[in-house]
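**Q** Next up, entry_36.csv (CSV, C-alpha atoms).
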```
chain,number,residue,atom,x,y,z
A,336,MET,CA,-28.2,-9.7,33.6
A,337,PHE,CA,-30.3,-11.8,31.2
A,338,LYS,CA,-29.5,-14.9,29.2
A,339,ARG,CA,-28.2,-14.2,25.7
A,340,PRO,CA,-26.9,-16.4,22.9
A,341,ALA,CA,-23.7,-18.2,23.8
A,342,THR,CA,-22.4,-18.6,20.2
A,343,LEU,CA,-21.2,-15.9,17.8
A,344,PRO,CA,-23.2,-15.4,14.6
A,345,SER,CA,-21.6,-15.7,11.2
A,346,PRO,CA,-21.2,-12.6,9.1
A,347,GLU,CA,-24.2,-13.8,7.0
A,348,GLN,CA,-26.3,-14.3,10.2
A,349,ALA,CA,-25.5,-10.9,11.6
A,350,LEU,CA,-27.9,-8.0,11.7
A,351,PRO,CA,-27.6,-5.5,8.8
A,352,GLY,CA,-27.0,-2.4,10.9
A,353,ARG,CA,-26.8,1.0,9.3
A,354,PRO,CA,-24.2,3.1,7.4
A,355,THR,CA,-24.5,6.1,9.6
A,356,PRO,CA,-22.5,6.1,13.0
A,357,ILE,CA,-24.4,6.9,16.1
A,358,ALA,CA,-23.7,10.6,17.1
A,359,ALA,CA,-20.9,10.6,19.7
A,360,THR,CA,-20.1,13.0,22.5
A,361,GLU,CA,-16.6,14.5,22.3
A,362,ARG,CA,-15.5,14.9,25.9
A,363,HIS,CA,-15.1,12.6,28.9
A,364,TYR,CA,-17.7,13.2,31.5
A,365,VAL,CA,-15.2,12.9,34.4
A,366,SER,CA,-12.0,14.5,33.0
A,367,GLY,CA,-13.2,16.7,30.2
A,368,ARG,CA,-10.6,15.2,27.9
A,369,PRO,CA,-11.3,13.9,24.4
A,370,LEU,CA,-12.9,10.5,24.1
A,371,ALA,CA,-11.5,9.7,20.7
A,372,GLY,CA,-8.4,11.9,20.3
A,373,PRO,CA,-6.4,13.6,19.0
A,374,TRP,CA,-4.1,12.5,21.8
A,375,PRO,CA,-1.1,14.3,23.3
A,376,ASP,CA,2.3,13.2,22.1
A,377,GLY,CA,3.3,9.9,23.6
A,378,VAL,CA,-0.2,8.8,24.6
A,379,ARG,CA,-1.0,5.3,23.4
A,380,THR,CA,-4.2,3.2,23.3
A,381,ALA,CA,-5.3,-0.2,24.3
A,382,VAL,CA,-8.7,-2.0,23.9
A,383,PHE,CA,-10.1,-4.5,26.4
A,384,ALA,CA,-13.3,-6.4,26.9
A,385,LEU,CA,-14.1,-7.8,30.4
A,386,GLY,CA,-17.8,-7.9,30.7
A,387,CYS,CA,-20.3,-5.0,31.1
A,388,PHE,CA,-18.4,-1.9,29.9
A,389,TRP,CA,-20.0,0.4,32.5
A,390,GLY,CA,-17.9,-1.0,35.5
A,391,ALA,CA,-15.0,-1.9,33.3
A,392,GLU,CA,-14.6,1.7,32.1
A,393,ARG,CA,-14.7,3.1,35.6
A,394,ARG,CA,-11.9,0.8,36.7
A,395,PHE,CA,-9.7,2.0,34.0
A,396,TRP,CA,-10.4,5.8,34.3
A,397,GLU,CA,-9.5,5.4,38.0
A,398,THR,CA,-6.1,3.9,37.1
A,399,SER,CA,-3.2,6.3,37.5
A,400,GLY,CA,-1.6,7.1,34.2
A,401,VAL,CA,-4.7,6.7,32.1
A,402,TYR,CA,-5.4,9.8,30.1
A,403,SER,CA,-8.9,9.0,28.9
A,404,THR,CA,-11.4,6.2,28.4
A,405,ALA,CA,-14.4,5.5,26.2
A,406,VAL,CA,-16.7,2.5,25.7
A,407,GLY,CA,-17.7,0.9,22.4
A,408,TYR,CA,-18.2,-2.3,20.6
A,409,SER,CA,-15.5,-4.4,18.8
A,410,GLY,CA,-15.1,-7.8,17.2
A,411,GLY,CA,-18.4,-7.9,15.4
A,412,PHE,CA,-19.9,-7.8,12.0
A,413,THR,CA,-22.9,-5.4,12.2
A,414,PRO,CA,-22.0,-1.8,11.2
A,415,ASN,CA,-23.0,0.9,13.7
A,416,PRO,CA,-25.2,-1.3,15.9
A,417,THR,CA,-27.4,0.0,18.6
A,418,TYR,CA,-27.1,-1.2,22.2
A,419,GLN,CA,-30.4,-3.1,21.8
A,420,GLU,CA,-29.0,-4.9,18.7
A,421,VAL,CA,-25.7,-5.8,20.5
A,422,CYS,CA,-27.8,-7.3,23.3
A,423,THR,CA,-29.5,-9.7,21.0
A,424,GLY,CA,-26.2,-11.5,20.4
A,425,LYS,CA,-26.7,-11.1,16.6
A,426,THR,CA,-24.0,-8.5,15.9
A,427,GLY,CA,-21.0,-10.4,17.1
A,428,HIS,CA,-19.6,-7.5,19.1
A,429,ALA,CA,-18.1,-7.4,22.6
A,430,GLU,CA,-18.5,-4.5,24.9
A,431,VAL,CA,-15.1,-2.9,25.1
A,432,VAL,CA,-13.2,-0.1,26.7
A,433,LEU,CA,-10.7,2.1,24.8
A,434,VAL,CA,-8.0,3.2,27.2
A,435,ALA,CA,-5.7,6.1,26.2
A,436,TYR,CA,-2.7,6.0,28.5
A,437,ASP,CA,0.7,7.6,29.1
A,438,PRO,CA,3.3,4.8,29.1
A,439,ALA,CA,5.6,7.1,31.2
A,440,GLN,CA,3.1,6.7,34.0
A,441,VAL,CA,1.5,3.3,33.4
A,442,SER,CA,2.8,0.5,31.2
A,443,TYR,CA,0.7,-1.7,29.0
A,444,GLU,CA,1.6,-4.5,31.4
A,445,GLY,CA,0.1,-2.4,34.2
A,446,LEU,CA,-3.2,-2.1,32.2
A,447,LEU,CA,-3.1,-5.9,31.6
A,448,ARG,CA,-2.9,-6.4,35.4
A,449,VAL,CA,-6.1,-4.3,35.8
A,450,PHE,CA,-7.7,-6.3,33.0
A,451,TRP,CA,-6.9,-9.7,34.5
A,452,GLU,CA,-7.6,-8.9,38.1
A,453,GLU,CA,-11.0,-7.2,37.5
A,454,HIS,CA,-12.9,-10.1,35.9
A,455,ASP,CA,-13.0,-13.8,35.6
A,456,PRO,CA,-11.4,-14.7,32.2
A,457,THR,CA,-12.4,-18.4,32.4
A,458,GLN,CA,-16.2,-17.9,31.9
A,459,GLY,CA,-16.5,-18.0,28.1
A,460,MET,CA,-19.5,-16.1,26.8
A,461,ARG,CA,-20.5,-14.6,30.1
A,462,GLN,CA,-19.3,-12.6,33.1
A,463,GLY,CA,-20.9,-13.3,36.4
A,464,ASN,CA,-24.7,-12.9,36.0
A,465,ASP,CA,-24.3,-11.3,32.5
A,466,HIS,CA,-24.7,-14.0,29.9
A,467,GLY,CA,-24.1,-13.5,26.2
A,468,THR,CA,-21.4,-13.0,23.5
A,469,GLN,CA,-21.1,-9.3,24.2
A,470,TYR,CA,-19.7,-10.1,27.7
A,471,ARG,CA,-16.8,-12.3,26.5
A,472,SER,CA,-13.3,-11.6,27.6
A,473,ALA,CA,-11.0,-10.2,24.9
A,474,ILE,CA,-7.8,-8.2,24.3
A,475,TYR,CA,-7.8,-6.3,21.0
A,476,VAL,CA,-4.2,-5.6,20.2
A,477,ALA,CA,-2.8,-2.7,18.0
A,478,ASP,CA,0.4,-4.4,16.9
A,479,ASP,CA,2.7,-7.4,17.3
A,480,ALA,CA,4.3,-5.9,20.4
A,481,GLN,CA,1.0,-5.7,22.3
A,482,ARG,CA,0.2,-9.2,21.1
A,483,ARG,CA,3.4,-10.6,22.5
A,484,ILE,CA,2.9,-8.9,25.9
A,485,ALA,CA,-0.8,-9.9,26.0
A,486,GLU,CA,0.0,-13.6,25.2
A,487,ALA,CA,2.8,-13.7,27.7
A,488,SER,CA,0.6,-12.3,30.4
A,489,ARG,CA,-2.2,-14.7,29.6
A,490,ALA,CA,0.2,-17.7,29.9
A,491,ALA,CA,1.5,-16.4,33.2
A,492,TYR,CA,-1.9,-15.7,34.7
A,493,GLN,CA,-3.1,-19.1,33.6
A,494,GLN,CA,-0.6,-20.7,35.9
A,495,ARG,CA,-1.9,-18.7,38.8
A,496,LEU,CA,-5.5,-19.4,38.0
A,497,THR,CA,-4.8,-23.2,37.6
A,498,ALA,CA,-3.1,-23.2,41.0
A,499,ALA,CA,-6.2,-21.6,42.4
A,500,GLY,CA,-8.5,-24.2,40.9
A,501,TYR,CA,-9.8,-22.3,37.9
A,502,GLY,CA,-10.2,-23.7,34.4
A,503,PRO,CA,-8.7,-22.5,31.1
A,504,ILE,CA,-8.7,-18.9,30.2
A,505,THR,CA,-11.1,-18.2,27.4
A,506,THR,CA,-9.9,-14.7,26.6
A,507,GLU,CA,-9.4,-14.1,22.9
A,508,ILE,CA,-6.5,-12.0,21.7
A,509,ARG,CA,-6.9,-10.6,18.2
A,510,GLU,CA,-6.2,-7.5,16.1
A,511,VAL,CA,-8.3,-4.5,17.0
A,512,ASP,CA,-10.9,-3.3,14.5
A,513,PRO,CA,-12.5,0.1,14.4
A,514,SER,CA,-14.7,0.3,17.5
A,515,THR,CA,-18.3,1.5,17.0
A,516,THR,CA,-19.7,4.0,19.3
A,517,PRO,CA,-22.7,3.3,21.6
A,518,GLU,CA,-25.4,5.7,22.6
A,519,ASN,CA,-23.9,8.6,24.6
A,520,TYR,CA,-25.5,7.6,27.9
A,521,HIS,CA,-23.2,4.6,28.1
A,522,GLN,CA,-20.0,6.8,28.2
A,523,GLU,CA,-18.8,7.1,31.8
A,524,TYR,CA,-22.2,5.6,32.8
A,525,LEU,CA,-21.3,5.0,36.5
A,526,ALA,CA,-20.1,8.6,36.9
A,527,LYS,CA,-23.5,9.8,35.7
A,528,ASN,CA,-25.3,7.1,37.6
A,529,PRO,CA,-23.3,6.4,40.8
A,530,GLY,CA,-25.8,3.8,42.0
A,531,GLY,CA,-26.0,2.0,38.6
A,532,TYR,CA,-25.3,-1.6,37.9
A,533,CYS,CA,-21.7,-2.8,37.9
A,534,GLY,CA,-21.1,-6.4,36.9
A,535,VAL,CA,-17.3,-6.3,37.1
A,536,GLY,CA,-15.7,-8.7,39.6
A,537,GLY,CA,-12.5,-10.5,39.7
A,538,THR,CA,-11.4,-14.0,40.9
A,539,GLY,CA,-9.3,-12.7,43.8
A,540,VAL,CA,-6.2,-14.2,42.1
A,541,ALA,CA,-3.4,-11.7,41.8
A,542,CYS,CA,-1.8,-11.1,38.4
A,543,PRO,CA,1.7,-12.6,38.3
A,544,VAL,CA,4.4,-10.6,39.9
A,545,GLY,CA,8.1,-11.5,39.6
A,546,LEU,CA,7.6,-14.6,37.5
A,547,GLY,CA,10.4,-13.7,35.0
A,548,VAL,CA,8.2,-13.6,32.0
A,549,SER,CA,10.3,-12.0,29.2
A,550,VAL,CA,8.8,-10.6,26.1
A,551,GLY,CA,9.4,-7.5,24.0
A,552,ASP,CA,7.7,-4.3,25.1
A,553,GLU,CA,6.0,-1.8,22.8
A,554,SER,CA,9.4,-0.5,21.6
A,555,GLY,CA,10.8,-4.0,21.1
A,556,ALA,CA,13.1,-3.9,24.1
A,557,PRO,CA,13.0,-7.0,26.4
A,558,ILE,CA,10.9,-6.7,29.5
A,559,LYS,CA,9.9,-8.8,32.5
A,560,PHE,CA,6.8,-8.8,34.6
A,561,VAL,CA,8.0,-7.5,38.0
```
Reformat the file's structure so that it appears as structure tokens.

**A**
Amino acid sequence: MFKRPATLPSPEQALPGRPTPIAATERHYVSGRPLAGPWPDGVRTAVFALGCFWGAERRFWETSGVYSTAVGYSGGFTPNPTYQEVCTGKTGHAEVVLVAYDPAQVSYEGLLRVFWEEHDPTQGMRQGNDHGTQYRSAIYVADDAQRRIAEASRAAYQQRLTAAGYGPITTEIREVDPSTTPENYHQEYLAKNPGGYCGVGGTGVACPVGLGVSVGDESGAPIKFV
């Protein structure tokens, strides 16, 4: 909600942080399931950044097939930062949502559809009224299969956004790093505070359906967006 730095710090410029992780709760406030595993057999994980993680997490825990969610910070340099440190823009982190999902109920492509449709991925270091590097759009991939699917979806969605008058997608796609845990009150924040601030909002442009985008799925088999 307030203006923050619009450029990422270098590792040398980043705040020093601390060696000790912030104490984390173990259970999801809504479902009672684990926040960080161990996961049941077959459950996989994905990590997304699409602005303020309060509203983003709620959108994913409401998605059918999602087993659990947790918020955190990824893509930065400062070890174990506090929320206040991340808000300075001097840690390099993005606010992220870890999504544990059952691929028999919702595919990675289905999660990407939620990701693309629930924010504006063309805004650079901001999301709506939230300004700063922590609000950037990002997909943190676990392996080459997720990368191929994410990149194909980005290319397909760019076509739709361009047709609707939007500019280039600024979403970064990179390997996931170990997420650091924020203070516990951030987990499932909007379930604990139903009237709390939610900065998530999409463009109104539907994620591509039936465009015939073929990539390999998480098992390596060919897939299409349908």

**Q** Rank nothing, just name the residue among A:Thr538, A:Glu507, A:Thr515, A:Ser399 nearest to Pro356 of chain A, using all atoms listed in the file.

**A**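 Of A:Thr538, A:Glu507, A:Thr515, A:Ser399, the one nearest Pro356 of chain A is A:Thr515, counting all atoms listed in the file.
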
**Q** For atom CA of Glu452 of chain A and atom CA of Tyr418 of chain A, quote the distance in Å rounded to one decimal.

**A**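 Here the two named atoms are 26.3 Å from each other.
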
**Q** Of the candidates A:Ala371, A:Ala435, A:Leu350, A:Ile357, which one gets nearest to Thr413 of chain A if we count all atoms listed in the file?

**A** A:Leu350

**Q** Suppose you want the space between atom CA of Gln522 of chain A and atom CA of Ala381 of chain A; what is it in Å?

**A** 16.7 Å

**Q** Name all residues at most 8 Å from Val378 of chain A (count all atoms listed in the file; drop same-chain ones fewer than 2 positions away) and give them as a list in words.

**A** Trp374, Pro375, Asp376, Thr380, Tyr402, Ala435, Tyr436, Asp437 and Pro438 of chain A

**Q** Would you mind reading off the distance between atom CA of Glu361 of chain A and atom CA of Pro517 of chain A, one decimal, in Å?

**A**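 These two atoms are separated by 12.8 Å.
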
**Q** Box for segment 523-540 of chain A - axis-aligned, 6 Å on each of the six sides, all listed atoms - centre and size in Å to one decimal, as JSON.

**A**
```
{"center_x": -16.1, "center_y": -2.2, "center_z": 37.8, "size_x": 31.8, "size_y": 36.0, "size_z": 24.0}
```

**Q** Excluding Ile504 of chain A and residues on its chain fewer than 4 positions from it, collect all residues at most 7 Å away from it, counting only C-alpha atoms, and give them as a PyMOL selection string.

**A** chain A and resi 456-457+493

**Q** Since we have the selection now, will you write its residues out, keeping C-alpha atoms, as a compact mmCIF listing (two decimals), in the frame of the given file?

**A**
```txt
# COMPACT_ATOMS: atom_id res chain seq x y z
CA PRO A 456 -11.40 -14.70 32.20
CA THR A 457 -12.40 -18.40 32.40
CA GLN A 493 -3.10 -19.10 33.60
```

**Q** From the list A:Gln440, A:Asn519, A:Gln419, A:Ser366, which residue is nearest Gly400 of chain A when using all atoms listed in the file?

**A**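 Closest candidate: A:Gln440.
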
**Q** So, with all atoms listed in the file as the atoms that count, which of A:Gln348, A:Thr355, A:Thr426, A:Asn464 lies closest to Gly410 of chain A?

**A** A:Thr426

**Q** Closest to Tyr492 of chain A among A:Ala429, A:Ala359, A:Cys542, A:Val406, using all atoms listed in the file?

**A**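 Distance minimum relative to Tyr492 of chain A lands on A:Cys542.
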
**Q** Using all atoms listed in the file for the distances, tell me which of A:Gln458, A:Asn528, A:Ser409, A:Ser442 is nearest to Pro503 of chain A.

**A**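 Counting all atoms listed in the file, the residue closest to Pro503 of chain A is A:Gln458.
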
**Q** Can you list, as a PyMOL selection string, every protein, DNA or RNA residue that comes within 10 Å of His428 of chain A when you count only C-alpha atoms, leaving out same-chain residues fewer than 5 positions away?

**A** chain A and resi 343-344+407-413+416+420-422+468-471+514-515

**Q** Write a file of the selected residues as a short mmCIF file (atom, residue, chain, number, x, y, z; two decimals), in the coordinates of the input, keeping C-alpha atoms.

**A**
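The new file selection_7.cif reads:
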```
data_model
loop_
_atom_site.label_atom_id
_atom_site.label_comp_id
_atom_site.auth_asym_id
_atom_site.auth_seq_id
_atom_site.Cartn_x
_atom_site.Cartn_y
_atom_site.Cartn_z
CA LEU A 343 -21.20 -15.90 17.80
CA PRO A 344 -23.20 -15.40 14.60
CA GLY A 407 -17.70 0.90 22.40
CA TYR A 408 -18.20 -2.30 20.60
CA SER A 409 -15.50 -4.40 18.80
CA GLY A 410 -15.10 -7.80 17.20
CA GLY A 411 -18.40 -7.90 15.40
CA PHE A 412 -19.90 -7.80 12.00
CA THR A 413 -22.90 -5.40 12.20
CA PRO A 416 -25.20 -1.30 15.90
CA GLU A 420 -29.00 -4.90 18.70
CA VAL A 421 -25.70 -5.80 20.50
CA CYS A 422 -27.80 -7.30 23.30
CA THR A 468 -21.40 -13.00 23.50
CA GLN A 469 -21.10 -9.30 24.20
CA TYR A 470 -19.70 -10.10 27.70
CA ARG A 471 -16.80 -12.30 26.50
CA SER A 514 -14.70 0.30 17.50
CA THR A 515 -18.30 1.50 17.00
#
```

**Q** Mind checking which residues fall within 6 Å of Tyr475 of chain A, counting all atoms listed in the file, ignoring those fewer than 3 positions away in the same chain, and posting them as a list in words?

**A**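 With the cut-off at 6 Å, the set is Val382, Ile508, Arg509, Glu510 and Val511 of chain A.
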
**Q** Identify, on the basis of all atoms listed in the file, every residue whose closest approach to Arg394 of chain A does not exceed 9 Å; exclude the query and any residue fewer than 5 positions from it along the same chain; express the result as a list in words.

**A**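 Listing them by chain and then by number gives Val449, Glu453 and Val535 of chain A.
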